[in-house]
>>> print(open('final_0.txt').read())   # compact mmCIF, C-alpha atoms and all ligand atoms
# COMPACT_ATOMS: atom_id res chain seq x y z
CA MET K 1 92.74 194.27 33.76
CA THR K 2 91.67 195.19 37.25
CA ALA K 3 90.22 191.77 38.13
CA GLU K 4 91.61 190.08 41.22
CA ARG K 5 93.38 187.00 39.86
CA GLU K 6 96.80 185.69 39.17
CA PHE K 7 98.79 188.48 37.57
CA ALA K 8 100.31 186.07 35.02
CA GLN K 9 96.78 185.45 33.76
CA THR K 10 96.06 189.18 33.65
CA ALA K 11 99.31 189.81 31.77
CA HIS K 12 98.37 187.16 29.24
CA THR K 13 94.93 188.67 28.69
CA MET K 14 96.37 192.17 28.30
CA LEU K 15 98.92 190.95 25.77
CA SER K 16 96.19 189.19 23.77
CA ALA K 17 94.19 192.41 23.64
CA LEU K 18 97.23 194.39 22.50
CA MET K 19 98.08 191.87 19.80
CA HIS K 20 94.50 191.65 18.62
CA SER K 21 94.19 195.42 18.27
CA THR K 22 97.27 195.60 16.05
CA GLY K 23 96.88 192.33 14.21
CA ALA K 24 100.17 191.01 15.62
CA SER K 25 100.77 187.28 15.64
CA GLU K 26 103.79 187.53 17.96
CA GLY K 27 104.15 189.61 21.10
CA VAL K 28 105.87 189.95 24.47
CA LEU K 29 104.87 191.97 27.51
CA PHE K 30 107.81 193.17 29.59
CA VAL K 31 108.03 194.80 33.00
CA PHE K 32 110.82 197.26 33.61
CA ILE K 33 113.04 196.48 36.59
CA GLU K 34 115.35 199.09 38.04
CA LYS K 35 118.70 198.29 39.60
CA PRO K 36 119.94 196.72 37.45
CA SER K 37 117.90 198.15 34.58
CA MET K 38 116.27 195.49 32.47
CA LEU K 39 113.12 194.35 30.74
CA ASN K 40 111.73 191.11 32.08
CA SER K 41 108.98 189.24 30.20
CA ILE K 42 105.76 188.39 32.04
CA ALA K 43 103.80 187.10 29.05
CA ALA K 44 104.68 185.98 25.51
CA GLN K 45 102.63 184.64 22.62
CA GLY K 46 103.21 183.42 19.11
CA PHE K 47 107.01 183.27 19.00
CA ALA K 48 108.40 179.85 18.07
CA LEU K 49 111.29 180.23 20.51
CA MET K 50 111.02 182.62 23.39
CA PRO K 51 112.81 182.01 26.70
CA ASP K 52 110.65 182.34 29.80
CA PRO K 53 111.42 184.78 31.16
CA SER K 54 113.14 186.63 28.38
CA VAL K 55 115.42 189.30 29.73
CA ILE K 56 116.88 192.36 28.01
CA PRO K 57 119.42 194.38 30.05
CA LEU K 58 119.19 198.11 29.39
CA LEU K 59 121.85 200.80 29.39
CA PRO K 60 120.99 204.29 30.68
CA ARG K 61 120.58 205.55 27.11
CA HIS K 62 118.05 202.78 26.36
CA VAL K 63 116.07 203.71 29.49
CA HIS K 64 116.23 207.34 28.44
CA ALA K 65 114.99 206.56 24.91
CA LEU K 66 112.15 204.37 26.19
CA SER K 67 111.17 207.00 28.74
CA THR K 68 111.02 209.87 26.26
CA THR K 69 109.92 208.47 22.91
CA GLN K 70 106.48 209.52 21.68
CA GLY K 71 104.38 206.37 21.90
CA ALA K 72 104.87 203.18 19.92
CA VAL K 73 107.74 202.98 17.42
CA LEU K 74 108.49 200.78 14.47
CA LEU K 75 111.83 199.09 14.86
CA SER K 76 114.38 198.88 12.06
CA LYS K 77 117.96 197.74 11.78
CA GLN K 78 119.00 201.33 12.62
CA SER K 79 116.75 201.80 15.66
CA TYR K 80 117.13 198.53 17.60
CA ASP K 81 120.19 199.82 19.34
CA THR K 82 118.43 203.03 20.35
CA PHE K 83 115.92 201.19 22.54
CA LEU K 84 117.24 197.73 23.31
CA SER K 85 120.55 196.04 23.98
CA SER K 86 121.43 192.71 22.45
CA ASN K 87 122.99 191.44 25.69
CA GLY K 88 119.89 189.56 26.81
CA ASN K 89 118.62 186.08 26.07
CA VAL K 90 116.44 187.29 23.21
CA ALA K 91 117.49 188.94 19.94
CA PRO K 92 115.96 192.43 19.46
CA GLU K 93 115.69 191.67 15.74
CA LEU K 94 112.67 189.48 16.51
CA PHE K 95 110.66 192.61 17.26
CA LYS K 96 109.11 194.86 14.62
CA CYS K 97 107.30 197.26 16.89
CA LEU K 98 107.92 198.50 20.40
CA ALA K 99 105.65 200.44 22.78
CA PRO K 100 106.99 201.66 26.10
CA LEU K 101 104.67 201.49 29.12
CA ARG K 102 104.87 204.60 31.25
CA VAL K 103 103.01 205.97 34.22
CA GLY K 104 103.49 209.62 35.04
CA GLY K 105 106.48 209.76 32.70
CA LYS K 106 108.17 206.87 34.47
CA LEU K 107 109.05 203.73 32.53
CA VAL K 108 107.25 200.66 33.95
CA GLY K 109 107.48 198.18 31.09
CA ALA K 110 107.22 197.66 27.33
CA VAL K 111 105.27 195.74 24.73
CA ALA K 112 107.26 194.28 21.88
CA LEU K 113 105.45 192.92 18.85
CA GLY K 114 106.95 190.56 16.26
CA ARG K 115 105.49 189.59 12.94
CA ARG K 116 102.03 190.62 11.90
CA GLU K 117 99.42 188.30 10.46
CA GLY K 118 100.10 187.89 6.75
CA GLU K 119 103.56 189.49 7.21
CA SER K 120 102.07 192.93 6.55
CA LEU K 121 103.62 196.02 8.16
CA TYR K 122 102.18 197.76 11.19
CA ASP K 123 100.09 200.75 10.14
CA GLU K 124 99.44 204.09 11.74
CA GLU K 125 96.01 203.02 12.96
CA GLY K 126 97.45 199.94 14.68
CA LEU K 127 100.10 202.01 16.43
CA GLN K 128 97.49 204.48 17.67
CA SER K 129 95.29 201.82 19.20
CA LEU K 130 98.42 200.27 20.72
CA ASP K 131 99.26 203.62 22.37
CA LEU K 132 95.76 203.91 23.70
CA LEU K 133 95.78 200.48 25.29
CA CYS K 134 99.33 200.84 26.57
CA HIS K 135 98.19 203.60 28.87
CA TYR K 136 95.96 201.14 30.78
CA VAL K 137 98.35 198.22 30.57
CA GLY K 138 101.04 200.49 32.06
CA LEU K 139 98.81 201.29 35.00
CA ALA K 140 98.04 197.62 35.62
CA VAL K 141 101.74 196.69 35.45
CA GLN K 142 102.67 199.55 37.74
CA ASN K 143 99.95 198.57 40.21
CA HIS K 144 101.17 195.01 40.31
CA ALA K 145 104.77 196.13 40.83
CA LEU K 146 103.71 198.41 43.70
CA THR K 147 101.67 195.69 45.40
CA GLN K 148 104.58 193.31 45.08
CA THR K 149 107.08 195.77 46.49
CA LEU K 150 104.73 196.59 49.33
CA ALA K 151 104.16 192.92 50.15
CA GLN K 152 107.91 192.36 50.04
CA ARG K 153 108.58 195.29 52.35
CA VAL K 154 105.89 194.23 54.80
CA ALA K 155 107.28 190.68 54.85
CA GLU K 156 110.80 192.02 55.35
CA ASN K 157 109.70 194.30 58.17
CA LEU K 158 107.82 191.48 59.86
CA ARG K 159 110.87 189.23 59.65
CA LEU K 160 113.01 191.98 61.08
CA MET K 161 110.50 192.67 63.84
CA ALA K 162 110.26 188.98 64.70
CA SER K 163 114.01 188.65 65.03
CA LEU K 164 114.16 191.88 67.02
CA HIS K 165 111.39 190.68 69.30
CA GLY K 166 113.18 187.40 69.87
CA PHE K 167 116.32 189.27 70.69
CA TYR K 168 114.52 191.68 73.01
CA ASP K 169 112.62 188.88 74.71
CA ASN K 170 115.82 187.07 75.63
CA ALA K 171 117.63 190.22 76.68
CA LEU K 172 114.69 191.42 78.77
CA GLU K 173 114.26 188.03 80.41
CA ALA K 174 117.89 188.18 81.48
CA PHE K 175 117.29 191.70 82.73
CA ALA K 176 114.19 190.67 84.66
CA THR K 177 116.17 187.95 86.38
CA ALA K 178 118.83 190.50 87.26
CA ILE K 179 116.24 192.83 88.83
CA ASP K 180 114.85 190.00 90.95
CA VAL K 181 118.25 188.79 92.10
CA LYS K 182 118.30 191.83 94.36
CA HIS K 183 116.48 189.86 96.97
CA VAL K 184 115.55 186.24 97.38
CA ASN K 185 111.96 187.19 98.33
CA ILE K 186 111.18 188.64 94.94
CA HIS K 187 112.99 185.90 93.08
CA GLY K 188 111.25 185.18 89.78
CA HIS K 189 108.71 187.94 90.40
CA SER K 190 109.34 190.01 87.25
CA ILE K 191 109.37 186.94 84.99
CA ARG K 192 106.05 185.79 86.43
CA VAL K 193 104.50 189.26 86.18
CA GLY K 194 105.53 189.34 82.51
CA ARG K 195 103.96 185.91 81.92
CA TYR K 196 100.77 186.75 83.82
CA ALA K 197 100.37 190.11 82.08
CA ALA K 198 100.77 188.53 78.63
CA ALA K 199 98.26 185.78 79.51
CA ILE K 200 95.74 188.33 80.81
CA GLY K 201 96.13 190.36 77.61
CA ASP K 202 95.66 187.17 75.61
CA ALA K 203 92.40 186.36 77.44
CA MET K 204 91.29 189.93 76.70
CA GLY K 205 91.67 189.19 72.98
CA MET K 206 94.92 191.05 72.31
CA ASP K 207 97.14 189.92 69.42
CA ALA K 208 100.65 188.45 69.71
CA ASN K 209 102.33 191.81 69.26
CA ASP K 210 100.37 193.39 72.12
CA THR K 211 100.81 190.44 74.45
CA GLY K 212 104.53 190.46 73.63
CA ALA K 213 104.63 194.11 74.64
CA LEU K 214 102.86 193.23 77.90
CA ARG K 215 105.36 190.46 78.62
CA SER K 216 108.26 192.85 78.15
CA ALA K 217 106.57 195.54 80.21
CA GLY K 218 106.03 193.00 82.98
CA TYR K 219 109.67 191.94 82.85
CA LEU K 220 110.78 195.54 83.26
CA HIS K 221 108.08 197.01 85.53
CA ASP K 222 110.29 196.98 88.65
CA ILE K 223 113.51 198.03 86.94
CA GLY K 224 113.66 201.08 89.23
CA LYS K 225 114.23 198.73 92.17
CA VAL K 226 117.89 198.50 91.17
CA ALA K 227 118.18 201.90 92.87
CA VAL K 228 116.43 200.83 96.11
CA ASP K 229 118.51 199.91 99.15
CA LYS K 230 118.77 196.12 99.30
CA ARG K 231 118.11 196.21 103.05
CA LEU K 232 114.48 197.32 102.52
CA PHE K 233 113.54 194.14 100.66
CA GLY K 234 114.37 191.91 103.60
CA LYS K 235 112.88 194.08 106.30
CA PRO K 236 110.50 191.94 108.34
CA GLY K 237 108.18 194.69 109.64
CA SER K 238 106.50 197.50 107.74
CA LEU K 239 108.53 200.35 106.26
CA ASP K 240 108.75 203.73 107.94
CA PRO K 241 107.56 206.71 105.83
CA GLU K 242 111.04 207.52 104.56
CA GLU K 243 111.72 203.93 103.62
CA PHE K 244 108.32 203.69 101.96
CA GLN K 245 109.12 206.76 99.86
CA GLU K 246 112.42 205.24 98.78
CA MET K 247 110.60 202.07 97.77
CA ALA K 248 107.83 204.02 95.99
CA ASP K 249 110.42 205.98 94.04
CA HIS K 250 111.26 202.83 92.07
CA THR K 251 108.40 203.85 89.75
CA THR K 252 109.80 207.28 88.87
CA VAL K 253 113.41 206.12 88.87
CA GLY K 254 112.47 203.22 86.59
CA HIS K 255 110.59 205.62 84.34
CA GLN K 256 113.72 207.72 83.99
CA ILE K 257 115.76 204.64 83.13
CA VAL K 258 113.49 203.32 80.36
CA SER K 259 112.38 206.67 78.92
CA GLY K 260 115.61 206.97 77.01
CA VAL K 261 115.31 203.53 75.42
CA ASN K 262 113.67 203.08 72.04
CA PHE K 263 111.73 199.88 72.61
CA PRO K 264 109.95 198.28 69.66
CA TRP K 265 106.74 198.58 71.74
CA PRO K 266 105.17 201.74 73.08
CA ARG K 267 103.91 202.03 76.66
CA ILE K 268 106.89 200.50 78.48
CA PRO K 269 107.77 203.78 80.25
CA GLU K 270 104.11 204.30 81.26
CA VAL K 271 103.85 200.78 82.67
CA VAL K 272 107.07 201.25 84.65
CA ARG K 273 105.82 204.54 86.07
CA TRP K 274 102.17 203.68 86.68
CA HIS K 275 102.00 200.02 87.72
CA HIS K 276 101.27 201.14 91.32
CA GLU K 277 98.42 203.45 90.35
CA ARG K 278 94.94 202.33 91.45
CA ALA K 279 91.55 202.99 89.84
CA ASP K 280 90.33 205.13 92.77
CA GLY K 281 93.38 207.40 92.63
CA SER K 282 94.93 205.97 95.79
CA GLY K 283 98.07 204.71 94.05
CA TYR K 284 101.44 206.32 93.38
CA PRO K 285 103.41 208.20 92.08
CA ASP K 286 100.82 210.38 90.30
CA GLY K 287 97.50 209.36 91.89
CA LEU K 288 95.90 208.77 88.50
CA ARG K 289 92.40 207.30 88.19
CA ASN K 290 90.73 204.67 86.00
CA GLU K 291 91.30 205.24 82.27
CA ASP K 292 93.94 207.91 82.92
CA VAL K 293 96.22 204.90 83.29
CA PRO K 294 96.79 203.00 80.00
CA ILE K 295 95.32 199.49 79.94
CA GLN K 296 98.82 197.98 79.71
CA ALA K 297 99.75 199.52 83.07
CA ARG K 298 96.42 198.42 84.59
CA ILE K 299 97.08 194.84 83.46
CA VAL K 300 100.62 194.83 84.84
CA ALA K 301 99.33 196.33 88.11
CA LEU K 302 96.94 193.40 88.46
CA ALA K 303 99.58 190.81 87.50
CA ASP K 304 101.99 192.43 89.98
CA THR K 305 99.48 192.31 92.86
CA PHE K 306 98.41 188.77 91.98
CA ASP K 307 102.02 187.54 92.10
CA ALA K 308 102.88 189.53 95.23
CA MET K 309 99.94 188.00 97.11
CA THR K 310 100.56 184.42 95.99
CA SER K 311 104.30 184.65 96.81
CA PRO K 312 105.89 184.48 100.29
CA ARG K 313 107.01 187.68 102.02
CA PRO K 314 109.49 188.06 104.91
CA TYR K 315 106.56 188.70 107.22
CA ARG K 316 103.99 186.21 105.88
CA GLU K 317 103.34 182.95 104.06
CA PRO K 318 101.96 183.05 100.51
CA ILE K 319 98.22 183.72 100.37
CA SER K 320 96.18 180.91 98.82
CA LEU K 321 94.88 181.26 95.29
CA GLY K 322 91.25 181.33 96.44
CA ALA K 323 91.86 184.00 99.09
CA THR K 324 93.94 186.06 96.65
CA LEU K 325 91.24 186.05 93.98
CA ASN K 326 88.54 186.78 96.55
CA GLU K 327 90.49 189.80 97.72
CA ILE K 328 91.18 191.00 94.17
CA VAL K 329 87.49 190.69 93.24
CA ARG K 330 86.61 192.53 96.47
CA MET K 331 88.91 195.40 95.42
CA THR K 332 87.47 195.59 91.88
CA PRO K 333 86.52 198.02 90.33
CA LEU K 334 87.71 200.26 93.20
CA LYS K 335 91.38 199.39 92.66
CA PHE K 336 91.64 197.15 89.60
CA ASP K 337 90.44 197.11 86.03
CA PRO K 338 87.36 194.84 85.82
CA SER K 339 88.07 193.53 82.31
CA ALA K 340 91.61 192.59 83.35
CA VAL K 341 90.30 190.82 86.46
CA GLN K 342 87.76 188.98 84.33
CA ALA K 343 90.56 187.87 82.00
CA LEU K 344 92.59 186.71 84.99
CA LEU K 345 89.63 184.57 86.11
CA VAL K 346 89.34 183.17 82.58
CA GLN K 347 92.98 182.03 82.71
CA ILE K 348 92.58 180.53 86.21
CA ARG K 349 89.48 178.66 85.04
CA ARG K 350 91.32 177.33 81.99
CA ASP K 351 93.96 175.97 84.37
CA ALA K 352 91.23 174.44 86.55
CA VAL K 353 89.67 172.54 83.64
CA GLY K 354 93.10 171.80 82.12
CA SER K 355 92.45 173.55 78.80
CA ASN K 356 95.52 175.81 78.90
CA ARG K 357 98.22 174.49 76.57
CA VAL K 358 100.78 176.25 78.74
CA PRO K 359 99.45 176.43 82.31
CA PHE K 360 98.87 179.96 83.57
CA LEU K 361 100.24 179.13 87.02
CA GLU K 362 103.75 177.69 87.18
CA ASP K 363 102.89 175.59 90.20
CA ARG K 364 99.85 173.52 89.33
CA SER K 365 99.28 172.52 92.93
CA ALA K 366 98.67 176.19 93.69
CA GLY K 367 95.72 176.06 91.31
CA ASN K 368 93.59 174.08 93.74
CA LEU K 369 90.48 175.95 92.72
CA ALA K 370 87.55 174.05 91.21
CA PRO K 371 85.83 175.50 88.13
CA PRO K 372 82.60 176.28 90.10
CA ASP K 373 84.69 178.34 92.59
CA VAL K 374 86.05 180.40 89.69
CA ASP K 375 82.56 180.75 88.23
CA HIS K 376 81.33 181.97 91.59
CA LEU K 377 84.05 184.64 91.68
CA ALA K 378 83.22 185.70 88.12
CA ALA K 379 79.54 185.95 89.04
CA THR K 380 80.38 188.04 92.12
CA LEU K 381 82.45 190.38 89.96
CA GLN K 382 79.68 190.65 87.38
CA HIS K 383 77.16 191.34 90.13
CA LYS K 384 79.31 194.17 91.50
CA LEU K 385 79.79 195.70 88.07
CA THR K 386 76.06 195.83 87.39
CA ASN K 387 75.39 197.22 90.89
CA GLY K 388 73.46 194.14 91.86
CA ARG K 389 71.05 194.48 88.95
CA SER K 390 70.82 191.62 86.55
CA TYR K 391 70.17 192.17 82.89
CA LEU K 392 68.58 189.83 80.42
CA THR K 393 70.84 189.61 77.40
FE FE W 1 106.64 197.76 91.54
>>> encode(input="final_0.txt", output="structure tokens")
Amino acid sequence: MTAEREFAQTAHTMLSALMHSTGASEGVLFVFIEKPSMLNSIAAQGFALMPDPSVIPLLPRHVHALSTTQGAVLLSKQSYDTFLSSNGNVAPELFKCLAPLRVGGKLVGAVALGRREGESLYDEEGLQSLDLLCHYVGLAVQNHALTQTLAQRVAENLRLMASLHGFYDNALEAFATAIDVKHVNIHGHSIRVGRYAAAIGDAMGMDANDTGALRSAGYLHDIGKVAVDKRLFGKPGSLDPEEFQEMADHTTVGHQIVSGVNFPWPRIPEVVRWHHERADGSGYPDGLRNEDVPIQARIVALADTFDAMTSPRPYREPISLGATLNEIVRMTPLKFDPSAVQALLVQIRRDAVGSNRVPFLEDRSAGNLAPPDVDHLAATLQHKLTNGRSYLT
């Protein structure tokens, strides 16, 4: 009964056992379905004509009778109507004996037996062994129903989540574009940070749900910039302290904006607030260190820096990919998360050997790094992380 196999097979086996114990030559095993109340056959044996599935709708009084009767009952012309309706596709008169299946007082199904071998009547002993077995059959039926409902609910939730995610993705992409429209110099920045962050997470072994969350967090990380004076984005020189503060406040302002939103992913508010924090505590707004910042925010921080360096600024040309990565490795682990930087190098190397289905870098010509150059950077990073010691693994 508890074996892992097709439930139809299990139902058949259980019915055989029930019939054998009572000497029945005809029998049906039903599951009880609520809303609308009915008995639905899952196994039948011996009957010359039995629809598959056979269905017997039940009225509340039938459900009540099946839920409260003491064990198996013999059916007669007078008692059919007490337990079963004749509105289904099978005539109740075919059944001579009926045993409800219950778990914790709740109806989960029923066993209906037809004629007995040699046309003899069901005896007390047969009914008792039927009751005994029905206890276990009820549990098995209930278990199956629960598993099915659970699987259905999980599938439904996943479908709902997928459609929600699709909806969010599109809406957030539009939002990211709107944030970047503020100034031509950051055009496309948020979209790229979202893409980079998701790809870094992917190379770190995260699943689709987590990388989706990273993409959205990347799209929204600079949302607080909607409150920053447009003039500051185009300023050619460096910002004075007051201007810098206004720019830095985009983290806390953004945090306020997204804190009230129930995103289907956690961590968005943290990423928005902490994507300018650095491992050594030199970042803003809270000066947090290392693991005090969630990994999602550390990944977006890296993606943000990577895109800022490889994009043009009012006061400088874009920095080359090689120089950018050199600088990032130089600042790791002091400023950046080493595992995230490693994952970034993995993605750049995949671009270099052409094994990325979707290229990591939008502009392939920017990826003018040869695989040995990337390997050299990875080795440098590894060397720094082990303090110059090498370990045999
Ligand atoms: Fe930012």
>>> residues_near_ligand(input="final_0.txt", ligand="ligand FE 1 (chain W)", cutoff="9 Å", atoms="all atoms listed in the file", output="ChimeraX atom specification")
/K:221-225,247-248,250-251,272-276,301,304
>>> residues_near_point(input="final_0.txt", point="(105.5, 181.0, 87.4)", cutoff="10 Å", atoms="all atoms listed in the file", output="list of chain:residue names")
K:Gly188, K:His189, K:Ser190, K:Ile191, K:Arg192, K:Val193, K:Gly194, K:Arg195, K:Tyr196, K:Asp307, K:Pro359, K:Phe360, K:Leu361, K:Glu362, K:Asp363, K:Arg364
>>> residues_near_point(input="final_0.txt", point="(90.0, 171.9, 86.0)", cutoff="10 Å", atoms="only C-alpha atoms", output="list in words")
Ile348, Arg349, Arg350, Asp351, Ala352, Val353, Gly354, Ser355, Asn356, Gly367, Asn368, Leu369, Ala370, Pro371 and Pro372 of chain K
>>> atom_distance(input="final_0.txt", atom1="atom CA of Val293 of chain K", atom2="atom CA of Gly281 of chain K")
10.1 Å
>>> closest_residue(input="final_0.txt", among="K:Val103, K:Leu113, K:Ile186, K:Ala140", to="Lys230 of chain K", atoms="only C-alpha atoms")
K:Ile186
>>> atom_distance(input="final_0.txt", atom1="atom CA of Gly322 of chain K", atom2="atom CA of Ile295 of chain K")
24.9 Å
>>> atom_distance(input="final_0.txt", atom1="atom CA of Glu117 of chain K", atom2="atom CA of Leu74 of chain K")
15.9 Å
>>> residues_around(input="final_0.txt", residues="Pro57 of chain K", least_positions_apart="4", cutoff="9 Å", atoms="all atoms listed in the file", output="PyMOL selection string")
chain K and resi 36-40+84-88
>>> closest_residue(input="final_0.txt", among="K:Pro92, K:Gly254, K:Gly212, K:Gly114", to="Ala44 of chain K", atoms="all atoms listed in the file")
K:Gly114
>>> closest_residue(input="final_0.txt", among="K:Tyr284, K:Phe306, K:Phe336, K:Phe167", to="Ala323 of chain K", atoms="only C-alpha atoms")
K:Phe306
>>> residues_around(input="final_0.txt", residues="Arg278 of chain K", least_positions_apart="5", cutoff="12 Å", atoms="only C-alpha atoms", output="VMD selection string")
chain K and resid 283 to 295 297 to 302 305 331 to 337
>>> build_atoms(input="final_0.txt", residues="segment 286-306 of chain K", atoms="N, CA, C and O atoms", output="mmCIF file, keeping the file's coordinate frame")
data_model
loop_
_atom_site.group_PDB
_atom_site.id
_atom_site.type_symbol
_atom_site.label_atom_id
_atom_site.label_comp_id
_atom_site.auth_asym_id
_atom_site.auth_seq_id
_atom_site.Cartn_x
_atom_site.Cartn_y
_atom_site.Cartn_z
ATOM 1 N N ASP K 286 101.552 209.203 90.783
ATOM 2 C CA ASP K 286 100.820 210.380 90.300
ATOM 3 C C ASP K 286 99.361 210.419 90.731
ATOM 4 O O ASP K 286 98.653 211.372 90.409
ATOM 5 N N GLY K 287 98.891 209.377 91.434
ATOM 6 C CA GLY K 287 97.500 209.360 91.890
ATOM 7 C C GLY K 287 96.492 209.406 90.760
ATOM 8 O O GLY K 287 95.435 210.013 90.881
ATOM 9 N N LEU K 288 96.814 208.763 89.650
ATOM 10 C CA LEU K 288 95.900 208.770 88.500
ATOM 11 C C LEU K 288 94.713 207.843 88.758
ATOM 12 O O LEU K 288 94.778 206.939 89.576
ATOM 13 N N ARG K 289 93.610 208.102 88.025
ATOM 14 C CA ARG K 289 92.400 207.300 88.190
ATOM 15 C C ARG K 289 92.041 206.560 86.904
ATOM 16 O O ARG K 289 92.295 207.056 85.805
ATOM 17 N N ASN K 290 91.368 205.438 87.080
ATOM 18 C CA ASN K 290 90.730 204.670 86.000
ATOM 19 C C ASN K 290 91.467 204.736 84.664
ATOM 20 O O ASN K 290 92.611 204.334 84.559
ATOM 21 N N GLU K 291 90.747 205.269 83.629
ATOM 22 C CA GLU K 291 91.300 205.240 82.270
ATOM 23 C C GLU K 291 92.446 206.236 82.044
ATOM 24 O O GLU K 291 93.001 206.280 80.954
ATOM 25 N N ASP K 292 92.773 207.037 83.070
ATOM 26 C CA ASP K 292 93.940 207.910 82.920
ATOM 27 C C ASP K 292 95.206 207.057 82.844
ATOM 28 O O ASP K 292 96.245 207.498 82.348
ATOM 29 N N VAL K 293 95.102 205.838 83.360
ATOM 30 C CA VAL K 293 96.220 204.900 83.290
ATOM 31 C C VAL K 293 95.990 203.997 82.078
ATOM 32 O O VAL K 293 94.911 203.430 81.941
ATOM 33 N N PRO K 294 96.982 203.867 81.174
ATOM 34 C CA PRO K 294 96.790 203.000 80.000
ATOM 35 C C PRO K 294 96.507 201.552 80.419
ATOM 36 O O PRO K 294 96.976 201.109 81.470
ATOM 37 N N ILE K 295 95.747 200.856 79.601
ATOM 38 C CA ILE K 295 95.320 199.490 79.940
ATOM 39 C C ILE K 295 96.531 198.590 80.220
ATOM 40 O O ILE K 295 96.493 197.722 81.105
ATOM 41 N N GLN K 296 97.631 198.811 79.486
ATOM 42 C CA GLN K 296 98.820 197.980 79.710
ATOM 43 C C GLN K 296 99.300 198.092 81.151
ATOM 44 O O GLN K 296 99.666 197.088 81.781
ATOM 45 N N ALA K 297 99.295 199.318 81.692
ATOM 46 C CA ALA K 297 99.750 199.520 83.070
ATOM 47 C C ALA K 297 98.736 198.929 84.048
ATOM 48 O O ALA K 297 99.116 198.392 85.099
ATOM 49 N N ARG K 298 97.440 198.990 83.709
ATOM 50 C CA ARG K 298 96.420 198.420 84.590
ATOM 51 C C ARG K 298 96.559 196.893 84.643
ATOM 52 O O ARG K 298 96.379 196.273 85.694
ATOM 53 N N ILE K 299 96.893 196.295 83.508
ATOM 54 C CA ILE K 299 97.080 194.840 83.460
ATOM 55 C C ILE K 299 98.307 194.430 84.280
ATOM 56 O O ILE K 299 98.260 193.488 85.082
ATOM 57 N N VAL K 300 99.411 195.164 84.092
ATOM 58 C CA VAL K 300 100.620 194.830 84.840
ATOM 59 C C VAL K 300 100.399 195.050 86.340
ATOM 60 O O VAL K 300 100.877 194.265 87.171
ATOM 61 N N ALA K 301 99.641 196.083 86.695
ATOM 62 C CA ALA K 301 99.330 196.330 88.110
ATOM 63 C C ALA K 301 98.627 195.122 88.721
ATOM 64 O O ALA K 301 98.948 194.683 89.835
ATOM 65 N N LEU K 302 97.680 194.569 87.973
ATOM 66 C CA LEU K 302 96.940 193.400 88.460
ATOM 67 C C LEU K 302 97.866 192.182 88.561
ATOM 68 O O LEU K 302 97.881 191.477 89.586
ATOM 69 N N ALA K 303 98.657 191.949 87.506
ATOM 70 C CA ALA K 303 99.580 190.810 87.500
ATOM 71 C C ALA K 303 100.569 190.922 88.659
ATOM 72 O O ALA K 303 100.893 189.929 89.328
ATOM 73 N N ASP K 304 101.025 192.145 88.912
ATOM 74 C CA ASP K 304 101.990 192.430 89.980
ATOM 75 C C ASP K 304 101.370 192.084 91.346
ATOM 76 O O ASP K 304 101.963 191.365 92.149
ATOM 77 N N THR K 305 100.162 192.574 91.588
ATOM 78 C CA THR K 305 99.480 192.310 92.860
ATOM 79 C C THR K 305 99.211 190.816 93.025
ATOM 80 O O THR K 305 99.431 190.243 94.100
ATOM 81 N N PHE K 306 98.728 190.196 91.939
ATOM 82 C CA PHE K 306 98.410 188.770 91.980
ATOM 83 C C PHE K 306 99.653 187.968 92.387
ATOM 84 O O PHE K 306 99.593 187.092 93.258
#
